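Chemist: Next up is a structure, given as structure tokens.
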Amino acid sequence: AKGGRALERTDVFQPGLTALTLGRDQELREGGVEPDVVAGHSLGEIAAYAASGAITAEEAIEAARIRGQEMARESQSNPGGMLALTGDGASGHGQALEVGQRYGCVQVAAWNAPQECVLSGVEAALQAISRRFPSTRIPVSGQWHGPAMCGAVAGFRATLATLNTRPLRATFVSNRTGD
């Protein structure tokens, strides 16, 4: 793929994926498909917000760029990664956390499905867990969805505060509240 290994960097990946998502949204609209409701998870929430009409595609891509920069900076200060517990590993996520926490910070980052629990944490903890529980490493460059990213919040929040929201064309469902 064009971009090579640079696409693994969150500061490059996040605005790129947002642009790609909004390009697909535009193609669907040009084909006559208009959504009634939009939602996204994590980074996808930015694209969903733009698809709702609340912000422009350009604003969404810029917000994703800043989010990616903030998260990249935090991942340099707080290195780590993510691990998906699958099958029996997901049902034993409490035990997995106990094992991992002996080696450093690790927490549940997301439940992708009933049989897939994603953990975020420091490398030593994730390695200890992966040796004992059915799991798959997620190829990301940081401890997303956990306290290691707390330092990224203020800069991203400041960016969001500058956005001029418009009337919605489609209902936007927040992944924070479900509203």
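As shown in the structure tokens, the chain order sets the letters A, B, ...; within each chain, residues go from 1, and ligands are also counted from 1 in the order they appear.
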Find the spatial neighbours of A:Trp111, counting only C-alpha atoms, within a cut-off of 12 Å - ignore same-chain residues fewer than 4 positions away - and output them as a PDB file with C-alpha atoms, in the first residue's frame.
Modeler:
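Contents of result-v2.pdb, as written:
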```pdb
ATOM      1  CA  HIS A  41     -16.662   3.703  17.483  1.00  0.00           C
ATOM      2  CA  LEU A  83      -4.387  -7.411  23.011  1.00  0.00           C
ATOM      3  CA  ALA A  84      -7.680  -9.093  22.117  1.00  0.00           C
ATOM      4  CA  LEU A  85      -8.686 -11.919  24.432  1.00  0.00           C
ATOM      5  CA  THR A  86     -10.688 -14.395  22.396  1.00  0.00           C
ATOM      6  CA  ALA A  90     -12.478 -13.270  26.993  1.00  0.00           C
ATOM      7  CA  SER A  91     -14.601 -15.051  29.560  1.00  0.00           C
ATOM      8  CA  HIS A  93     -10.717 -11.487  31.392  1.00  0.00           C
ATOM      9  CA  GLN A 107      -7.176  -2.584  31.696  1.00  0.00           C
ATOM     10  CA  GLN A 115     -16.258 -13.507  23.004  1.00  0.00           C
ATOM     11  CA  GLU A 116     -13.697 -10.733  22.375  1.00  0.00           C
ATOM     12  CA  CYS A 117     -12.415  -8.483  25.147  1.00  0.00           C
ATOM     13  CA  VAL A 118      -9.696  -5.982  24.208  1.00  0.00           C
ATOM     14  CA  LEU A 119      -7.070  -5.046  26.765  1.00  0.00           C
ATOM     15  CA  SER A 120      -4.794  -2.016  26.693  1.00  0.00           C
ATOM     16  CA  HIS A 145      -8.700   3.493  25.235  1.00  0.00           C
TER      17      HIS A 145
END
```
Chemist: Do a neighbour search on A:Ala125 at 8 Å with only C-alpha atoms, toss out local chain neighbours closer than 4 positions, and write the hits as a PyMOL selection string.
Modeler: chain A and resi 99-106+121+129
Chemist: Leaving out A:Gln143 and any residue of its chain fewer than 4 positions from it, which residues lie within 12 Å of it when counting only C-alpha atoms, given as a PyMOL selection string?
Modeler: chain A and resi 10+71-83+105-110+118-123+125-126+137-139+147-150+152
Chemist: In Å, with one decimal, what is the gap from atom CA of A:Ala19 to atom CA of A:Glu45?
Modeler: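 Spanning atom CA of A:Ala19 to atom CA of A:Glu45 is a straight-line distance of 12.8 Å.
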Chemist: Please return, as an NGL selection string, all residues of chain A that DSSP assigns to strand (DSSP E or B) on the basis of the backbone.
Modeler: :A and (37-39 or 81-86 or 106-113 or 116-121 or 135-138 or 171-173)
Chemist: Can you check which residues of stretch 43-100 of chain A DSSP gives as alpha helix (DSSP H) on the backbone and send them as a VMD selection string?
Modeler: chain A and resid 44 to 51 57 to 77 88 to 91 93 to 100
Chemist: Please write the residues from the selection above to a file, keeping C-alpha atoms, as a PDB file, in the first residue's frame.
Modeler:
```pdb
ATOM      1  CA  GLY A  44     -15.100   6.424  13.671  1.00  0.00           C
ATOM      2  CA  GLU A  45     -17.201   8.718  15.813  1.00  0.00           C
ATOM      3  CA  ILE A  46     -15.505  11.736  14.191  1.00  0.00           C
ATOM      4  CA  ALA A  47     -16.467  10.565  10.706  1.00  0.00           C
ATOM      5  CA  ALA A  48     -19.976   9.728  11.894  1.00  0.00           C
ATOM      6  CA  TYR A  49     -20.343  13.233  13.315  1.00  0.00           C
ATOM      7  CA  ALA A  50     -19.361  14.686   9.937  1.00  0.00           C
ATOM      8  CA  ALA A  51     -21.706  12.258   8.149  1.00  0.00           C
ATOM      9  CA  ALA A  57     -15.438  16.634   6.177  1.00  0.00           C
ATOM     10  CA  GLU A  58     -12.494  19.030   6.343  1.00  0.00           C
ATOM     11  CA  GLU A  59     -13.182  19.769  10.005  1.00  0.00           C
ATOM     12  CA  ALA A  60     -13.443  16.063  10.759  1.00  0.00           C
ATOM     13  CA  ILE A  61     -10.135  15.282   9.061  1.00  0.00           C
ATOM     14  CA  GLU A  62      -8.435  18.124  10.939  1.00  0.00           C
ATOM     15  CA  ALA A  63      -9.914  16.915  14.244  1.00  0.00           C
ATOM     16  CA  ALA A  64      -8.669  13.390  13.463  1.00  0.00           C
ATOM     17  CA  ARG A  65      -5.221  14.804  12.633  1.00  0.00           C
ATOM     18  CA  ILE A  66      -4.982  16.572  15.988  1.00  0.00           C
ATOM     19  CA  ARG A  67      -6.346  13.518  17.825  1.00  0.00           C
ATOM     20  CA  GLY A  68      -3.720  11.368  16.113  1.00  0.00           C
ATOM     21  CA  GLN A  69      -0.927  13.790  17.006  1.00  0.00           C
ATOM     22  CA  GLU A  70      -2.027  13.982  20.635  1.00  0.00           C
ATOM     23  CA  MET A  71      -2.290  10.205  20.940  1.00  0.00           C
ATOM     24  CA  ALA A  72       1.072   9.681  19.197  1.00  0.00           C
ATOM     25  CA  ARG A  73       2.723  12.055  21.657  1.00  0.00           C
ATOM     26  CA  GLU A  74       1.188  10.202  24.606  1.00  0.00           C
ATOM     27  CA  SER A  75       2.204   6.812  23.235  1.00  0.00           C
ATOM     28  CA  GLN A  76       5.823   8.007  23.180  1.00  0.00           C
ATOM     29  CA  SER A  77       5.593   8.870  26.882  1.00  0.00           C
ATOM     30  CA  ASP A  88     -12.189 -18.651  26.708  1.00  0.00           C
ATOM     31  CA  GLY A  89      -9.689 -15.840  27.201  1.00  0.00           C
ATOM     32  CA  ALA A  90     -12.478 -13.270  26.993  1.00  0.00           C
ATOM     33  CA  SER A  91     -14.601 -15.051  29.560  1.00  0.00           C
ATOM     34  CA  HIS A  93     -10.717 -11.487  31.392  1.00  0.00           C
ATOM     35  CA  GLY A  94     -10.722 -10.870  35.155  1.00  0.00           C
ATOM     36  CA  GLN A  95      -8.050 -13.519  35.650  1.00  0.00           C
ATOM     37  CA  ALA A  96      -6.101 -12.137  32.690  1.00  0.00           C
ATOM     38  CA  LEU A  97      -6.129  -8.688  34.253  1.00  0.00           C
ATOM     39  CA  GLU A  98      -4.876 -10.121  37.553  1.00  0.00           C
ATOM     40  CA  VAL A  99      -1.964 -11.783  35.739  1.00  0.00           C
ATOM     41  CA  GLY A 100      -1.141  -8.682  33.712  1.00  0.00           C
TER      42      GLY A 100
END
```
Chemist: To one decimal in Å, tell me the separation between atom CA of A:Ala113 and atom CA of A:Ser135.
Modeler: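 Atom-to-atom, atom CA of A:Ala113 and atom CA of A:Ser135 are spaced 13.8 Å apart.
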Chemist: Would you mind listing what lies within 6 Å of A:Ala170 as a ChimeraX atom specification, with only C-alpha atoms counted and same-chain residues fewer than 2 positions away left out?
Modeler: /A:36-37,52,168
Chemist: Atoms to include: N, CA, C and O atoms. Write the selected residues as a PDB file, in the first residue's frame.
Modeler:
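Wrote selection17.pdb, looks like this:
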```pdb
ATOM      1  N   ASP A  36     -30.281   7.666   7.926  1.00  0.00           N
ATOM      2  CA  ASP A  36     -31.185   8.248   8.920  1.00  0.00           C
ATOM      3  C   ASP A  36     -30.470   8.411  10.254  1.00  0.00           C
ATOM      4  O   ASP A  36     -30.757   9.324  11.021  1.00  0.00           O
ATOM      5  N   VAL A  37     -29.543   7.467  10.538  1.00  0.00           N
ATOM      6  CA  VAL A  37     -28.819   7.430  11.807  1.00  0.00           C
ATOM      7  C   VAL A  37     -27.360   7.118  11.501  1.00  0.00           C
ATOM      8  O   VAL A  37     -27.070   6.294  10.621  1.00  0.00           O
ATOM      9  N   SER A  52     -23.224  13.080   9.867  1.00  0.00           N
ATOM     10  CA  SER A  52     -24.514  13.579  10.365  1.00  0.00           C
ATOM     11  C   SER A  52     -24.797  14.991   9.861  1.00  0.00           C
ATOM     12  O   SER A  52     -25.929  15.461   9.947  1.00  0.00           O
ATOM     13  N   LEU A 168     -28.183  18.866  12.149  1.00  0.00           N
ATOM     14  CA  LEU A 168     -27.946  17.495  11.713  1.00  0.00           C
ATOM     15  C   LEU A 168     -28.846  17.112  10.546  1.00  0.00           C
ATOM     16  O   LEU A 168     -30.031  17.446  10.532  1.00  0.00           O
TER      17      LEU A 168
END
```
Chemist: Could you state the separation of atom CA of A:Leu22 and atom CA of A:Gly146 in Å, given to one decimal place?
Modeler: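 A separation of 26.5 Å between them.
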Chemist: For A:Gln26, which residue out of A:Thr56, A:Ser130, A:Thr136, A:Ser42 is the nearest one, using only C-alpha atoms?
Modeler: A:Thr56
Chemist: Could you check which of A:Pro15, A:Gly178, A:Gly31, A:Gly23 is closest to A:Leu43, using only C-alpha atoms?
Modeler: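 Among the listed residues, the smallest separation from A:Leu43 belongs to A:Pro15.
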Chemist: Taking only C-alpha atoms into account, name the residue in A:Ile55, A:Val38, A:Val12, A:Leu20 that is nearest to A:Thr165.
Modeler: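 Using only C-alpha atoms, A:Thr165 sits closest to A:Ile55.
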